[in-house]
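*Asks:* I am sharing model.pdb, which consists of PDB, C-alpha atoms:
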ATOM      1  CA  MET A  19      -8.183   2.612  14.767
ATOM      2  CA  LYS A  20      -8.998   4.911  11.869
ATOM      3  CA  PHE A  21      -5.779   4.565   9.921
ATOM      4  CA  GLU A  22      -6.575   6.725   6.920
ATOM      5  CA  LYS A  23      -7.930   9.560   9.046
ATOM      6  CA  LYS A  24      -5.342   9.622  11.802
ATOM      7  CA  ALA A  25      -4.158  13.090  12.691
ATOM      8  CA  ILE A  26      -0.856  14.084  11.138
ATOM      9  CA  LEU A  27       0.871  17.106  12.617
ATOM     10  CA  ARG A  28       2.450  18.916   9.689
ATOM     11  CA  LYS A  29       4.344  22.062   9.135
ATOM     12  CA  LYS A  30       3.260  24.200   6.221
ATOM     13  CA  GLN A  31       3.594  22.187   3.031
ATOM     14  CA  PRO A  32       6.688  23.233   1.073
ATOM     15  CA  THR A  33       6.261  24.712  -2.375
ATOM     16  CA  ARG A  34       7.283  22.806  -5.496
ATOM     17  CA  GLU A  35      10.304  25.084  -5.782
ATOM     18  CA  GLU A  36      11.370  24.285  -2.207
ATOM     19  CA  ALA A  37      10.974  20.557  -2.866
ATOM     20  CA  GLU A  38      13.111  20.822  -6.002
ATOM     21  CA  GLU A  39      15.771  22.715  -4.058
ATOM     22  CA  ALA A  40      15.813  19.902  -1.497
ATOM     23  CA  VAL A  41      16.574  17.426  -4.292
ATOM     24  CA  ARG A  42      19.402  19.678  -5.484
ATOM     25  CA  THR A  43      20.795  19.641  -1.943
ATOM     26  CA  LEU A  44      20.754  15.842  -1.879
ATOM     27  CA  LEU A  45      22.540  15.700  -5.232
ATOM     28  CA  LEU A  46      25.243  17.968  -3.836
ATOM     29  CA  TRP A  47      25.457  15.874  -0.668
ATOM     30  CA  VAL A  48      26.141  12.618  -2.586
ATOM     31  CA  GLY A  49      28.917  14.369  -4.508
ATOM     32  CA  GLU A  50      27.110  15.260  -7.732
ATOM     33  CA  ASP A  51      26.862  18.495  -9.679
ATOM     34  CA  PRO A  52      23.163  19.339 -10.072
ATOM     35  CA  ASP A  53      24.059  21.832 -12.799
ATOM     36  CA  ARG A  54      25.559  19.298 -15.187
ATOM     37  CA  GLU A  55      23.536  18.506 -18.299
ATOM     38  CA  GLY A  56      22.160  15.144 -17.181
ATOM     39  CA  LEU A  57      20.948  16.442 -13.822
ATOM     40  CA  ILE A  58      19.584  19.911 -14.599
ATOM     41  CA  GLU A  59      15.996  18.641 -14.880
ATOM     42  CA  THR A  60      16.362  15.921 -12.232
ATOM     43  CA  PRO A  61      14.919  17.922  -9.291
ATOM     44  CA  ALA A  62      11.744  18.673 -11.240
ATOM     45  CA  ARG A  63      11.492  15.055 -12.412
ATOM     46  CA  VAL A  64      11.926  13.718  -8.885
ATOM     47  CA  VAL A  65       9.216  16.008  -7.509
ATOM     48  CA  ARG A  66       6.802  14.929 -10.264
ATOM     49  CA  ALA A  67       7.634  11.285  -9.593
ATOM     50  CA  TYR A  68       7.099  11.677  -5.850
ATOM     51  CA  LYS A  69       3.691  13.228  -6.459
ATOM     52  CA  GLU A  70       2.712  10.036  -8.304
ATOM     53  CA  LEU A  71       4.513   7.541  -6.050
ATOM     54  CA  PHE A  72       2.934   8.984  -2.898
ATOM     55  CA  SER A  73      -0.490   9.797  -4.317
ATOM     56  CA  GLY A  74      -2.137   7.646  -1.633
ATOM     57  CA  TYR A  75      -2.049  10.554   0.789
ATOM     58  CA  GLY A  76      -4.592  12.377  -1.345
ATOM     59  CA  GLU A  77      -7.004   9.432  -1.707
ATOM     60  CA  SER A  78     -10.067   8.704   0.424
ATOM     61  CA  VAL A  79     -10.828   5.094   1.354
ATOM     62  CA  GLU A  80     -14.340   6.128   2.361
ATOM     63  CA  ARG A  81     -14.974   7.577  -1.099
ATOM     64  CA  ILE A  82     -13.604   4.510  -2.903
ATOM     65  CA  LEU A  83     -15.749   2.107  -0.875
ATOM     66  CA  GLY A  84     -18.735   4.442  -0.813
ATOM     67  CA  THR A  85     -20.449   2.820  -3.793
ATOM     68  CA  SER A  86     -21.603  -0.718  -3.026
ATOM     69  CA  PHE A  87     -24.145  -3.223  -4.288
ATOM     70  CA  GLY A  88     -26.797  -4.879  -2.158
ATOM     71  CA  GLU A  89     -28.087  -7.316  -4.776
ATOM     72  CA  VAL A  90     -25.776 -10.329  -5.034
ATOM     73  CA  ALA A  91     -28.313 -12.967  -6.119
ATOM     74  CA  GLY A  92     -28.087 -14.840  -2.829
ATOM     75  CA  TYR A  93     -24.290 -15.149  -2.823
ATOM     76  CA  LYS A  94     -23.162 -16.043   0.703
ATOM     77  CA  GLN A  95     -19.485 -16.982   0.403
ATOM     78  CA  SER A  96     -16.200 -15.118   0.679
ATOM     79  CA  ILE A  97     -14.761 -13.050  -2.164
ATOM     80  CA  LEU A  98     -11.034 -13.318  -2.823
ATOM     81  CA  VAL A  99      -8.995 -11.010  -5.066
ATOM     82  CA  LYS A 100      -5.545 -12.502  -5.634
ATOM     83  CA  ASN A 101      -2.197 -11.302  -6.958
ATOM     84  CA  ILE A 102      -2.713  -7.563  -6.588
ATOM     85  CA  GLN A 103       0.719  -6.237  -7.474
ATOM     86  CA  PHE A 104       1.809  -3.138  -5.602
ATOM     87  CA  PHE A 105       4.774  -0.795  -5.257
ATOM     88  CA  SER A 106       5.397   1.021  -2.006
ATOM     89  CA  HIS A 107       8.252   2.702  -0.128
ATOM     90  CA  CYS A 108       9.773   1.838   3.223
ATOM     91  CA  GLU A 109       9.173   4.633   5.715
ATOM     92  CA  HIS A 110      12.560   4.011   7.326
ATOM     93  CA  HIS A 111      14.798   4.370   4.254
ATOM     94  CA  MET A 112      12.413   5.537   1.491
ATOM     95  CA  VAL A 113      13.449   2.689  -0.821
ATOM     96  CA  PRO A 114      10.998   0.426  -2.700
ATOM     97  CA  ILE A 115       8.842  -2.376  -1.396
ATOM     98  CA  ILE A 116       7.493  -4.543  -4.231
ATOM     99  CA  GLY A 117       4.999  -7.317  -3.714
ATOM    100  CA  LYS A 118       1.578  -8.868  -4.108
ATOM    101  CA  ALA A 119      -1.483  -8.633  -1.908
ATOM    102  CA  HIS A 120      -4.278 -11.186  -1.636
ATOM    103  CA  VAL A 121      -7.463  -9.863  -0.051
ATOM    104  CA  ALA A 122     -10.628 -11.742   0.901
ATOM    105  CA  TYR A 123     -13.763 -10.515   2.582
ATOM    106  CA  PHE A 124     -16.999 -12.153   3.666
ATOM    107  CA  PRO A 125     -19.799  -9.713   2.783
ATOM    108  CA  ASP A 126     -22.776  -9.093   5.014
ATOM    109  CA  LYS A 127     -25.292  -7.019   3.077
ATOM    110  CA  LYS A 128     -23.166  -5.329   0.455
ATOM    111  CA  VAL A 129     -20.282  -5.913  -1.929
ATOM    112  CA  VAL A 130     -18.118  -3.562  -3.974
ATOM    113  CA  GLY A 131     -16.765  -3.770  -7.496
ATOM    114  CA  LEU A 132     -13.695  -6.006  -7.596
ATOM    115  CA  SER A 133     -11.487  -3.158  -8.820
ATOM    116  CA  LYS A 134     -12.203  -1.301  -5.567
ATOM    117  CA  ILE A 135     -10.261  -3.931  -3.614
ATOM    118  CA  SER A 136      -7.214  -3.311  -5.792
ATOM    119  CA  ARG A 137      -7.667   0.435  -5.347
ATOM    120  CA  ILE A 138      -7.645   0.085  -1.563
ATOM    121  CA  VAL A 139      -4.325  -1.740  -1.789
ATOM    122  CA  GLU A 140      -3.079   1.039  -4.069
ATOM    123  CA  VAL A 141      -4.128   3.794  -1.653
ATOM    124  CA  PHE A 142      -2.177   2.380   1.255
ATOM    125  CA  SER A 143       0.804   1.233  -0.783
ATOM    126  CA  ARG A 144       1.358   4.690  -2.261
ATOM    127  CA  ARG A 145       2.372   6.087   1.103
ATOM    128  CA  LEU A 146       5.493   5.676   3.191
ATOM    129  CA  GLN A 147       4.846   2.332   4.809
ATOM    130  CA  THR A 148       5.834  -0.680   6.798
ATOM    131  CA  GLN A 149       4.417  -3.920   5.464
ATOM    132  CA  GLU A 150       2.890  -4.712   8.847
ATOM    133  CA  SER A 151       0.989  -1.417   8.972
ATOM    134  CA  MET A 152      -0.196  -1.688   5.384
ATOM    135  CA  THR A 153      -1.585  -5.187   6.027
ATOM    136  CA  ALA A 154      -3.551  -3.988   9.064
ATOM    137  CA  GLN A 155      -4.771  -0.827   7.296
ATOM    138  CA  ILE A 156      -6.301  -2.786   4.404
ATOM    139  CA  ALA A 157      -8.113  -5.151   6.759
ATOM    140  CA  ASP A 158      -9.350  -2.300   8.944
ATOM    141  CA  ALA A 159     -10.699  -0.351   5.952
ATOM    142  CA  LEU A 160     -12.775  -3.280   4.677
ATOM    143  CA  ILE A 161     -14.165  -4.145   8.100
ATOM    144  CA  ARG A 162     -15.196  -0.564   8.874
ATOM    145  CA  HIS A 163     -16.436   0.705   5.533
ATOM    146  CA  LEU A 164     -18.060  -2.461   4.162
ATOM    147  CA  LYS A 165     -19.167  -3.819   7.542
ATOM    148  CA  SER A 166     -17.783  -7.142   6.374
ATOM    149  CA  VAL A 167     -18.376 -10.257   8.466
ATOM    150  CA  GLY A 168     -14.753 -11.224   7.986
ATOM    151  CA  VAL A 169     -11.604 -10.013   6.245
ATOM    152  CA  ALA A 170      -8.299 -11.713   5.440
ATOM    153  CA  VAL A 171      -5.200 -10.028   4.010
ATOM    154  CA  PHE A 172      -2.006 -11.817   2.914
ATOM    155  CA  ILE A 173       0.942  -9.783   1.649
ATOM    156  CA  GLU A 174       4.261 -11.083   0.370
ATOM    157  CA  ALA A 175       6.860  -8.510  -0.582
ATOM    158  CA  GLU A 176      10.515  -7.828  -1.264
ATOM    159  CA  HIS A 177      12.085  -4.970   0.677
ATOM    160  CA  PHE A 178      14.867  -3.113  -1.067
ATOM    161  CA  CYS A 179      16.126  -1.877   2.299
ATOM    162  CA  MET A 180      17.229  -5.500   2.757
ATOM    163  CA  THR A 181      18.392  -6.237  -0.776
ATOM    164  CA  MET A 182      20.055  -2.945  -1.818
ATOM    165  CA  ARG A 183      21.597  -1.930   1.503
ATOM    166  CA  GLY A 184      22.203  -3.262   4.993
ATOM    167  CA  VAL A 185      22.352  -7.075   5.008
ATOM    168  CA  GLN A 186      21.918  -7.135   1.181
ATOM    169  CA  LYS A 187      20.071 -10.458   1.083
ATOM    170  CA  GLN A 188      18.697 -10.786  -2.431
ATOM    171  CA  ALA A 189      15.557 -12.841  -3.108
ATOM    172  CA  SER A 190      14.391 -12.632   0.509
ATOM    173  CA  SER A 191      10.706 -11.930   1.018
ATOM    174  CA  THR A 192       8.461 -11.025   3.929
ATOM    175  CA  ILE A 193       4.953 -12.351   4.580
ATOM    176  CA  THR A 194       2.371 -10.593   6.734
ATOM    177  CA  MET A 195      -1.250 -11.530   7.394
ATOM    178  CA  ALA A 196      -4.269  -9.971   9.071
ATOM    179  CA  PHE A 197      -7.486 -11.769  10.005
ATOM    180  CA  GLU A 198     -10.684 -10.142  11.220
ATOM    181  CA  GLY A 199     -14.151 -11.431  12.066
ATOM    182  CA  THR A 200     -14.932 -14.911  10.765
ATOM    183  CA  TYR A 201     -11.353 -15.272   9.546
ATOM    184  CA  LYS A 202     -10.115 -15.448  13.122
ATOM    185  CA  ASP A 203     -11.208 -19.086  12.970
ATOM    186  CA  GLU A 204      -8.170 -21.294  12.251
ATOM    187  CA  GLN A 205     -10.002 -23.432   9.686
ATOM    188  CA  ALA A 206     -11.107 -20.334   7.782
ATOM    189  CA  GLN A 207      -7.523 -19.068   7.840
ATOM    190  CA  ALA A 208      -6.234 -22.387   6.524
ATOM    191  CA  ARG A 209      -8.755 -22.333   3.638
ATOM    192  CA  PHE A 210      -7.806 -18.774   2.784
ATOM    193  CA  ILE A 211      -4.065 -19.500   2.761
ATOM    194  CA  SER A 212      -4.652 -22.618   0.665
ATOM    195  CA  MET A 213      -6.608 -20.586  -1.901
ATOM    196  CA  VAL A 214      -3.870 -17.930  -1.965
ATOM    197  CA  ARG A 215      -1.123 -20.484  -2.469
ATOM    198  CA  ARG A 216      -3.040 -22.323  -5.200
ATOM    199  CA  SER A 217      -1.580 -21.191  -8.536
ATOM    200  CA  SER A 218      -0.176 -17.970  -7.052
TER     201      SER A 218
END
Since I need it in another form, could you write the structure as structure tokens?
*Replies:*
Amino acid sequence: MKFEKKAILRKKQPTREEAEEAVRTLLLWVGEDPDREGLIETPARVVRAYKELFSGYGESVERILGTSFGEVAGYKQSILVKNIQFFSHCEHHMVPIIGKAHVAYFPDKKVVGLSKISRIVEVFSRRLQTQESMTAQIADALIRHLKSVGVAVFIEAEHFCMTMRGVQKQASSTITMAFEGTYKDEQAQARFISMVRRSS
């Protein structure tokens, strides 16, 4: 499934002014006065913040992974990038998800700069998300665009929709994993998880 290119049926994108007016409406709805001194600039600030927080919609995974290297001096093992911190937002309540991603891939004929792995995590995290979808999207992107022999993704995150509202269970975390290619082997999965857990 081509996650980053899936069709999204949209109405005409609202203007910045319309977005700011929507924030004013929410302020009124919660019982605030959007015209008081401390809130006059809040709609504009929120719109600017949302542009940054959800910048993943404007990023191209294909472009990020488009530059690769074929010369790896005979390296034939997996590559693991650990402890990639990310900030996302739950698509159900639009409250934060904060966590770390650990991503490994087994290259075939090409590798990418290590920072590109972190950027892929960033692209998908800066969208409205579920942790399960984000985990699968990262794995799918590396398999398709790098033609990797195998990919493993391990994400552990705290969901503020559980800690700030609802059941309000502080310090709870959620773990999701995705395994593709050679990482579907149980021994390979065990090695990957052991490496993730080591000094994480």
*Asks:* Please work out which residues fall within 9 Å of (-9.4, -17.9, 4.2), coordinates as given in the file, with only C-alpha atoms counting, and return them as number ranges by chain.
*Replies:* A: 96, 98, 122-123, 169-171, 197, 201, 204-214
*Asks:* From the options A:Ile102, A:Ile138, A:Ala40, A:Val129, which residue's atoms come nearest to A:Thr85, counting all atoms listed in the file?
*Replies:*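 Of A:Ile102, A:Ile138, A:Ala40, A:Val129, the one nearest A:Thr85, counting all atoms listed in the file, is A:Val129.
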*Asks:* Identify all residues satisfying the PyMOL selection byres ((chain A and resi 120) around 6) in the given file; provide them as a list in words.
*Replies:*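 Matching residues under the PyMOL selection byres ((chain A and resi 120) around 6) are Val99, Lys100, Asn101, Ala119, Val121, Val171 and Phe172 of chain A.
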*Asks:* Out of A:Pro125, A:Pro114, A:Pro32, A:Gly84, which residue has the shortest atom-to-atom distance to A:Met182 when counting all atoms listed in the file?
*Replies:*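 Smallest separation from A:Met182 among the options: A:Pro114.
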*Asks:* In Å, how far is it from atom CA of A:Cys108 to atom CA of A:Ser133?
*Replies:*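 So the answer is 24.9 Å.
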*Asks:* Taking all atoms listed in the file into account, which of A:Glu150, A:Ser106, A:Val113, A:Arg216 comes nearest A:Ser73?
*Replies:*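 Distance minimum relative to A:Ser73 lands on A:Ser106.
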*Asks:* Give the answer as one residue: which of A:Glu50, A:Glu174, A:Asp126, A:Glu59 has the shortest atom-to-atom distance to A:Lys94, using all atoms listed in the file?
*Replies:* A:Asp126
*Asks:* May I have the residues within 10 Å of A:Gln149 as a list in words, using all atoms listed in the file and disregarding those fewer than 4 positions away in the same chain?
*Replies:*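 Once the adjacent positions are removed, what remains is Ser106, His107, Cys108, Glu109, Ile115, Gly117, Ser143, Thr153, Ala154, Gln155, Ile173, Glu174, Ala175, Glu176, His177, Thr192, Ile193, Thr194 and Met195 of chain A.
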*Asks:* Would you mind writing stretch 146-163 of chain A with N, CA, C and O atoms, as a compact mmCIF listing (two decimals), in the coordinates of the input?
*Replies:*
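Contents of out13.txt, as written:
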# COMPACT_ATOMS: atom_id res chain seq x y z
N LEU A 146 4.36 6.27 2.48
CA LEU A 146 5.49 5.68 3.19
C LEU A 146 4.93 4.64 4.15
O LEU A 146 4.00 4.93 4.91
N GLN A 147 5.49 3.43 4.12
CA GLN A 147 4.85 2.33 4.81
C GLN A 147 5.82 1.39 5.51
O GLN A 147 7.01 1.37 5.21
N THR A 148 5.26 0.60 6.41
CA THR A 148 5.83 -0.68 6.80
C THR A 148 4.83 -1.71 6.30
O THR A 148 3.63 -1.43 6.22
N GLN A 149 5.32 -2.90 5.98
CA GLN A 149 4.42 -3.92 5.46
C GLN A 149 3.38 -4.32 6.52
O GLN A 149 2.22 -4.57 6.19
N GLU A 150 3.81 -4.34 7.78
CA GLU A 150 2.89 -4.71 8.85
C GLU A 150 1.72 -3.73 8.94
O GLU A 150 0.56 -4.13 9.04
N SER A 151 2.04 -2.43 8.89
CA SER A 151 0.99 -1.42 8.97
C SER A 151 0.05 -1.48 7.78
O SER A 151 -1.18 -1.40 7.93
N MET A 152 0.61 -1.63 6.60
CA MET A 152 -0.20 -1.69 5.38
C MET A 152 -1.18 -2.86 5.43
O MET A 152 -2.36 -2.73 5.06
N THR A 153 -0.73 -4.00 5.92
CA THR A 153 -1.58 -5.19 6.03
C THR A 153 -2.77 -4.90 6.95
O THR A 153 -3.93 -5.18 6.60
N ALA A 154 -2.49 -4.30 8.10
CA ALA A 154 -3.55 -3.99 9.06
C ALA A 154 -4.49 -2.90 8.54
O ALA A 154 -5.71 -2.96 8.76
N GLN A 155 -3.96 -1.92 7.82
CA GLN A 155 -4.77 -0.83 7.30
C GLN A 155 -5.79 -1.33 6.27
O GLN A 155 -6.95 -0.89 6.27
N ILE A 156 -5.38 -2.24 5.41
CA ILE A 156 -6.30 -2.79 4.40
C ILE A 156 -7.44 -3.54 5.09
O ILE A 156 -8.62 -3.36 4.76
N ALA A 157 -7.09 -4.38 6.05
CA ALA A 157 -8.11 -5.15 6.76
C ALA A 157 -9.07 -4.23 7.51
O ALA A 157 -10.30 -4.41 7.45
N ASP A 158 -8.53 -3.23 8.18
CA ASP A 158 -9.35 -2.30 8.94
C ASP A 158 -10.33 -1.54 8.04
O ASP A 158 -11.50 -1.35 8.38
N ALA A 159 -9.85 -1.11 6.87
CA ALA A 159 -10.70 -0.35 5.95
C ALA A 159 -11.89 -1.18 5.49
O ALA A 159 -13.03 -0.67 5.43
N LEU A 160 -11.68 -2.44 5.18
CA LEU A 160 -12.78 -3.28 4.68
C LEU A 160 -13.77 -3.63 5.78
O LEU A 160 -14.98 -3.69 5.54
N ILE A 161 -13.26 -3.85 6.98
CA ILE A 161 -14.16 -4.14 8.10
C ILE A 161 -15.04 -2.93 8.40
O ILE A 161 -16.26 -3.04 8.57
N ARG A 162 -14.46 -1.75 8.46
CA ARG A 162 -15.20 -0.56 8.87
C ARG A 162 -16.13 -0.02 7.81
O ARG A 162 -17.28 0.32 8.08
N HIS A 163 -15.65 0.05 6.57
CA HIS A 163 -16.44 0.70 5.53
C HIS A 163 -17.42 -0.23 4.83
O HIS A 163 -18.46 0.24 4.35
